[in-house]
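I have placed the structure first, in the form of structure tokens, so that the comments after it can refer back to it.
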Amino acid sequence: MVQRLKSYFGNPIALKSFISALAGTVAVAIYAMGTATFFFAVLVVLIAAYIYSKLLDRRTIRWSFWMIVCSYVVGIAFADDFLPFLSPGIVWTGIVLSFFFIFFGVVGSGNFLFEDRRGMYGVVHTAALFVVFLVFGGLSMTDSWIWNIPLFFGSVVLMKEFMKFMKIPFPGRILSFAVVSGLFFVELFVVLGFLPLGPIHTAIFVALFAFTLKNLGILHFSGTLSKKMFLREISIFIIGVLILFAASRWTI
């Protein structure tokens, strides 16, 4: 194991990606402590801008990168509004660990680090969508409907980026798909807000829906969507939803 790690980090791209993710995470960790909040929020953005400028392929992961950074900056500032039921220690630990792994994934994708680049990007993209849903969707449920605007915008640009990354050659149809998807996600938060799910479970539900929708979109645009594939994706979605509902606390 040690030898494999030495070999892995002997790769300059892997080392560069790890250091970049670590630097961004340290800034986020200090910002999340609540000390000199505005200063460290600016610092997080500046460090992210520097890291972004050094990526080998900035264009294809642009929106995933910036939506993750912006979502964490906003989420940390308003964490008490939509996650008041979690202790500060749990929130801080969750923020730091999740940011490091997601940020390392997107930076590594931008640096061609992973052999299965599409597979890793798919994981990072789903994680980015979940963070957007949790932060902006959670704030739309607990603070103000105005947060539906960044929720919609973030959903649209991420869904569009995903289709472009997967080399779908229909720009007009991709944009329409992304806009319709964004509207669906916003409407889901509005409707699910009437259920006692809470921001986290609601974000998981919408992320499951988004995961299924983008898979069906890829199959459709690539011309490989069949009844069998459709039923498989819907079955996975239903199983995920049933597990989510079973794990939720239902109160009247």
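Labels used: A, B, ... for chains in the order of the structure tokens, numbers from 1 for residues in each chain, and numbers from 1 for ligands as shown.
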Within 7 Å of A:Leu175, counting only C-alpha atoms, which residues qualify if same-chain residues fewer than 4 places away don't, as a PyMOL selection string? chain A and resi 160+171+179
For those residues, write C-alpha atoms to a file as a compact mmCIF listing (two decimals), in the first residue's frame.
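Okay, this is what ended up in out.txt:
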```
# COMPACT_ATOMS: atom_id res chain seq x y z
CA LYS A 160 -25.60 21.44 -19.77
CA PRO A 171 -26.30 22.19 -28.59
CA VAL A 179 -33.50 24.33 -18.76
```
Could you list, as JSON, numbers by chain, every residue within 12 Å of stretch 11-18 of chain A, counting only C-alpha atoms and ignoring same-chain residues fewer than 2 positions away? {"A": [4, 5, 6, 7, 8, 9, 20, 21, 22, 23, 24, 25, 51, 52, 54, 55, 56, 100, 101, 102, 103, 104, 105, 106, 107, 108, 109, 110, 111, 112, 113, 114, 115]}
Which of stretch 154-248 of chain A counts as alpha helix (DSSP H) under DSSP, as a PyMOL selection string please? chain A and resi 154-165+171-192+198-221+227-247
For A:Ser155, which residue among A:Gly122, A:Gly198, A:Gly193, A:Gly137 is the nearest when counting only C-alpha atoms?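 Residue with the minimum atom-to-atom distance to A:Ser155: A:Gly137.
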Using only C-alpha atoms, which of the listed residues (A:Val73, A:Ala207, A:Ile61, A:Phe78) sits closest to A:Val42?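 Comparing A:Val73, A:Ala207, A:Ile61, A:Phe78 against A:Val42, the winner is A:Val73.
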Name the closest residue to A:Val124 among the candidates A:Ser87, A:Ser98, A:Ser64, A:Thr142; distances are taken between atoms, counting only C-alpha atoms.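 The closest residue to A:Val124 is A:Ser64.
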Which polymer residues have any atom within 12 Å of an atom of A:Phe209, counting only C-alpha atoms, with same-chain residues fewer than 5 positions away left out, as a short mmCIF file (atom, residue, chain, number, x, y, z; two decimals) with N, CA, C and O atoms, in the first residue's frame?
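Writing done, so here's part-v5.cif:
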```
data_model
loop_
_atom_site.label_atom_id
_atom_site.label_comp_id
_atom_site.auth_asym_id
_atom_site.auth_seq_id
_atom_site.Cartn_x
_atom_site.Cartn_y
_atom_site.Cartn_z
N THR A 126 -22.43 14.44 -10.05
CA THR A 126 -23.53 14.11 -9.15
C THR A 126 -23.33 14.75 -7.78
O THR A 126 -24.27 15.27 -7.17
N LEU A 129 -24.08 18.46 -8.04
CA LEU A 129 -25.52 18.68 -8.05
C LEU A 129 -26.10 18.56 -6.64
O LEU A 129 -26.92 19.39 -6.23
N PHE A 130 -25.67 17.55 -5.91
CA PHE A 130 -26.18 17.37 -4.55
C PHE A 130 -25.85 18.57 -3.67
O PHE A 130 -26.69 19.03 -2.88
N PHE A 133 -28.09 21.38 -4.58
CA PHE A 133 -29.44 21.11 -4.07
C PHE A 133 -29.51 21.34 -2.56
O PHE A 133 -30.46 21.92 -2.05
N SER A 181 -34.76 20.55 -17.09
CA SER A 181 -34.29 19.86 -15.89
C SER A 181 -34.25 20.81 -14.71
O SER A 181 -34.69 20.47 -13.60
N GLY A 182 -33.72 22.02 -14.94
CA GLY A 182 -33.65 23.01 -13.87
C GLY A 182 -35.02 23.36 -13.32
O GLY A 182 -35.21 23.49 -12.10
N PHE A 184 -37.67 21.41 -13.39
CA PHE A 184 -38.13 20.23 -12.65
C PHE A 184 -37.56 20.22 -11.24
O PHE A 184 -38.27 19.96 -10.26
N PHE A 185 -36.26 20.51 -11.12
CA PHE A 185 -35.61 20.47 -9.81
C PHE A 185 -36.20 21.52 -8.86
O PHE A 185 -36.44 21.24 -7.68
N LEU A 188 -39.61 20.40 -7.78
CA LEU A 188 -39.52 19.32 -6.80
C LEU A 188 -39.28 19.87 -5.40
O LEU A 188 -39.87 19.39 -4.43
N PHE A 189 -38.41 20.87 -5.29
CA PHE A 189 -38.17 21.46 -3.97
C PHE A 189 -39.41 22.16 -3.44
O PHE A 189 -39.69 22.12 -2.24
N THR A 202 -34.48 15.88 1.24
CA THR A 202 -35.03 16.42 0.00
C THR A 202 -33.93 16.55 -1.05
O THR A 202 -34.15 16.22 -2.23
N ALA A 203 -32.75 17.03 -0.65
CA ALA A 203 -31.63 17.16 -1.59
C ALA A 203 -31.22 15.79 -2.13
O ALA A 203 -30.89 15.65 -3.32
N ILE A 204 -31.24 14.77 -1.28
CA ILE A 204 -30.91 13.41 -1.73
C ILE A 204 -31.93 12.93 -2.76
O ILE A 204 -31.58 12.35 -3.79
N LYS A 214 -30.34 12.43 -15.97
CA LYS A 214 -29.18 12.63 -16.86
C LYS A 214 -28.76 11.32 -17.53
O LYS A 214 -28.30 11.33 -18.69
N ASN A 215 -28.94 10.19 -16.85
CA ASN A 215 -28.65 8.90 -17.48
C ASN A 215 -29.61 8.63 -18.63
O ASN A 215 -29.20 8.18 -19.71
N LEU A 216 -30.89 8.91 -18.40
CA LEU A 216 -31.87 8.74 -19.47
C LEU A 216 -31.60 9.71 -20.61
O LEU A 216 -31.79 9.37 -21.79
N GLU A 233 -33.28 2.05 -15.27
CA GLU A 233 -33.01 3.34 -14.62
C GLU A 233 -34.13 3.72 -13.66
O GLU A 233 -33.87 4.20 -12.55
N ILE A 234 -35.37 3.49 -14.07
CA ILE A 234 -36.50 3.82 -13.20
C ILE A 234 -36.52 2.92 -11.97
O ILE A 234 -36.82 3.37 -10.86
N SER A 235 -36.16 1.66 -12.15
CA SER A 235 -36.12 0.73 -11.01
C SER A 235 -35.07 1.16 -9.99
O SER A 235 -35.32 1.11 -8.78
N ILE A 236 -33.90 1.57 -10.47
CA ILE A 236 -32.85 2.04 -9.57
C ILE A 236 -33.32 3.27 -8.81
O ILE A 236 -33.10 3.40 -7.59
N PHE A 237 -34.02 4.18 -9.52
CA PHE A 237 -34.54 5.39 -8.87
C PHE A 237 -35.56 5.03 -7.79
O PHE A 237 -35.50 5.56 -6.67
N ILE A 238 -36.48 4.13 -8.10
CA ILE A 238 -37.53 3.75 -7.15
C ILE A 238 -36.93 3.09 -5.91
O ILE A 238 -37.33 3.38 -4.77
N ILE A 239 -35.96 2.20 -6.12
CA ILE A 239 -35.30 1.54 -4.99
C ILE A 239 -34.61 2.57 -4.10
O ILE A 239 -34.70 2.54 -2.87
N GLY A 240 -33.92 3.52 -4.73
CA GLY A 240 -33.25 4.57 -3.97
C GLY A 240 -34.23 5.41 -3.18
O GLY A 240 -33.97 5.76 -2.01
N VAL A 241 -35.36 5.74 -3.78
CA VAL A 241 -36.38 6.54 -3.10
C VAL A 241 -36.99 5.78 -1.93
O VAL A 241 -37.22 6.35 -0.86
#
```
Can you tell me which residues surround A:Thr60 at a distance of at most 9 Å, considering only C-alpha atoms, apart from same-chain residues fewer than 2 positions away, and format the answer as a list in words? Asp57, Arg58, Arg62, Trp63, Ser64, Gly110, Glu161, Phe162, Lys164 and Phe165 of chain A
Which polymer residues have any atom within 9 Å of an atom of stretch 90-97 of chain A, counting only C-alpha atoms, with same-chain residues fewer than 2 positions away left out, as a VMD selection string? chain A and resid 25 to 26 28 to 29 32 to 33 72 76 79 83 86 to 88 99 to 102
Let me see the file: selected residues, C-alpha atoms, as a tab-separated table (two decimals), in the first residue's frame.
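Result file part36.tsv:
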```tsv
chain	number	residue	atom	x	y	z
A	25	THR	CA	-9.66	22.62	1.76
A	26	VAL	CA	-7.48	24.36	4.35
A	28	VAL	CA	-12.46	26.33	3.48
A	29	ALA	CA	-11.76	24.75	6.89
A	32	ALA	CA	-15.90	27.39	8.24
A	33	MET	CA	-14.51	28.04	11.73
A	72	TYR	CA	-19.59	25.87	-0.14
A	76	ILE	CA	-20.95	27.85	5.18
A	79	ALA	CA	-25.36	26.74	7.48
A	83	LEU	CA	-28.77	22.78	9.13
A	86	LEU	CA	-26.70	19.37	13.49
A	87	SER	CA	-23.93	20.16	15.95
A	88	PRO	CA	-21.21	22.61	14.79
A	99	PHE	CA	-15.08	19.51	0.09
A	100	PHE	CA	-11.68	17.83	-0.07
A	101	PHE	CA	-12.91	14.70	-1.84
A	102	ILE	CA	-15.23	16.52	-4.24
```
Need the shell around A:Asp81: protein/DNA/RNA residues with any atom at most 12 Å away, counting only C-alpha atoms. Skip same-chain ones fewer than 4 positions apart. Format as a ChimeraX atom specification? /A:74-77,85-86,134-144,199
Keeping only N, CA, C and O atoms, take the residues you just selected and write them out as a PDB file, in the first residue's frame.
```
ATOM      1  N   VAL A  74     -21.311  29.910   0.108  1.00  0.00           N
ATOM      2  CA  VAL A  74     -22.644  30.329   0.542  1.00  0.00           C
ATOM      3  C   VAL A  74     -23.160  29.403   1.647  1.00  0.00           C
ATOM      4  O   VAL A  74     -23.733  29.856   2.641  1.00  0.00           O
ATOM      5  N   GLY A  75     -22.969  28.106   1.471  1.00  0.00           N
ATOM      6  CA  GLY A  75     -23.468  27.138   2.443  1.00  0.00           C
ATOM      7  C   GLY A  75     -22.877  27.332   3.827  1.00  0.00           C
ATOM      8  O   GLY A  75     -23.584  27.226   4.833  1.00  0.00           O
ATOM      9  N   ILE A  76     -21.590  27.618   3.880  1.00  0.00           N
ATOM     10  CA  ILE A  76     -20.947  27.854   5.180  1.00  0.00           C
ATOM     11  C   ILE A  76     -21.526  29.100   5.843  1.00  0.00           C
ATOM     12  O   ILE A  76     -21.782  29.124   7.054  1.00  0.00           O
ATOM     13  N   ALA A  77     -21.746  30.139   5.048  1.00  0.00           N
ATOM     14  CA  ALA A  77     -22.268  31.389   5.593  1.00  0.00           C
ATOM     15  C   ALA A  77     -23.683  31.234   6.149  1.00  0.00           C
ATOM     16  O   ALA A  77     -24.053  31.905   7.119  1.00  0.00           O
ATOM     17  N   PHE A  85     -30.120  21.724  13.070  1.00  0.00           N
ATOM     18  CA  PHE A  85     -30.312  20.553  13.925  1.00  0.00           C
ATOM     19  C   PHE A  85     -29.039  19.726  14.078  1.00  0.00           C
ATOM     20  O   PHE A  85     -29.024  18.743  14.821  1.00  0.00           O
ATOM     21  N   LEU A  86     -27.963  20.091  13.382  1.00  0.00           N
ATOM     22  CA  LEU A  86     -26.697  19.374  13.493  1.00  0.00           C
ATOM     23  C   LEU A  86     -25.722  20.176  14.341  1.00  0.00           C
ATOM     24  O   LEU A  86     -25.702  21.406  14.295  1.00  0.00           O
ATOM     25  N   LEU A 134     -28.505  20.842  -1.852  1.00  0.00           N
ATOM     26  CA  LEU A 134     -28.518  20.957  -0.393  1.00  0.00           C
ATOM     27  C   LEU A 134     -28.446  22.418   0.048  1.00  0.00           C
ATOM     28  O   LEU A 134     -29.202  22.840   0.920  1.00  0.00           O
ATOM     29  N   VAL A 135     -27.547  23.178  -0.571  1.00  0.00           N
ATOM     30  CA  VAL A 135     -27.352  24.571  -0.151  1.00  0.00           C
ATOM     31  C   VAL A 135     -28.489  25.461  -0.623  1.00  0.00           C
ATOM     32  O   VAL A 135     -29.232  26.041   0.180  1.00  0.00           O
ATOM     33  N   PHE A 136     -28.643  25.582  -1.932  1.00  0.00           N
ATOM     34  CA  PHE A 136     -29.628  26.530  -2.464  1.00  0.00           C
ATOM     35  C   PHE A 136     -31.054  26.004  -2.334  1.00  0.00           C
ATOM     36  O   PHE A 136     -31.982  26.773  -2.066  1.00  0.00           O
ATOM     37  N   GLY A 137     -31.219  24.683  -2.512  1.00  0.00           N
ATOM     38  CA  GLY A 137     -32.539  24.102  -2.297  1.00  0.00           C
ATOM     39  C   GLY A 137     -32.930  24.163  -0.835  1.00  0.00           C
ATOM     40  O   GLY A 137     -34.078  24.480  -0.489  1.00  0.00           O
ATOM     41  N   GLY A 138     -31.968  23.861   0.057  1.00  0.00           N
ATOM     42  CA  GLY A 138     -32.249  23.936   1.485  1.00  0.00           C
ATOM     43  C   GLY A 138     -32.602  25.344   1.922  1.00  0.00           C
ATOM     44  O   GLY A 138     -33.528  25.548   2.719  1.00  0.00           O
ATOM     45  N   LEU A 139     -31.887  26.334   1.385  1.00  0.00           N
ATOM     46  CA  LEU A 139     -32.187  27.727   1.725  1.00  0.00           C
ATOM     47  C   LEU A 139     -33.532  28.167   1.160  1.00  0.00           C
ATOM     48  O   LEU A 139     -34.239  28.972   1.774  1.00  0.00           O
ATOM     49  N   SER A 140     -33.901  27.639  -0.004  1.00  0.00           N
ATOM     50  CA  SER A 140     -35.212  27.988  -0.574  1.00  0.00           C
ATOM     51  C   SER A 140     -36.343  27.433   0.290  1.00  0.00           C
ATOM     52  O   SER A 140     -37.439  28.003   0.340  1.00  0.00           O
ATOM     53  N   MET A 141     -36.084  26.323   0.977  1.00  0.00           N
ATOM     54  CA  MET A 141     -37.093  25.711   1.843  1.00  0.00           C
ATOM     55  C   MET A 141     -37.179  26.388   3.212  1.00  0.00           C
ATOM     56  O   MET A 141     -38.250  26.457   3.812  1.00  0.00           O
ATOM     57  N   THR A 142     -36.048  26.882   3.707  1.00  0.00           N
ATOM     58  CA  THR A 142     -36.003  27.368   5.082  1.00  0.00           C
ATOM     59  C   THR A 142     -35.829  28.874   5.215  1.00  0.00           C
ATOM     60  O   THR A 142     -36.085  29.435   6.286  1.00  0.00           O
ATOM     61  N   ASP A 143     -35.387  29.546   4.147  1.00  0.00           N
ATOM     62  CA  ASP A 143     -35.081  30.972   4.255  1.00  0.00           C
ATOM     63  C   ASP A 143     -35.970  31.820   3.355  1.00  0.00           C
ATOM     64  O   ASP A 143     -36.797  32.596   3.833  1.00  0.00           O
ATOM     65  N   SER A 144     -35.806  31.709   2.036  1.00  0.00           N
ATOM     66  CA  SER A 144     -36.570  32.544   1.108  1.00  0.00           C
ATOM     67  C   SER A 144     -36.637  31.875  -0.263  1.00  0.00           C
ATOM     68  O   SER A 144     -35.701  31.178  -0.676  1.00  0.00           O
ATOM     69  N   PRO A 199     -34.240  19.417   4.602  1.00  0.00           N
ATOM     70  CA  PRO A 199     -33.361  19.787   3.486  1.00  0.00           C
ATOM     71  C   PRO A 199     -32.444  18.675   2.997  1.00  0.00           C
ATOM     72  O   PRO A 199     -32.258  18.517   1.793  1.00  0.00           O
TER      73      PRO A 199
END
```
When you draw a straight line from atom CA of A:Ile68 to atom CA of A:Leu158, how long is it in Å?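 That distance, rounded to one decimal, is 10.4 Å.
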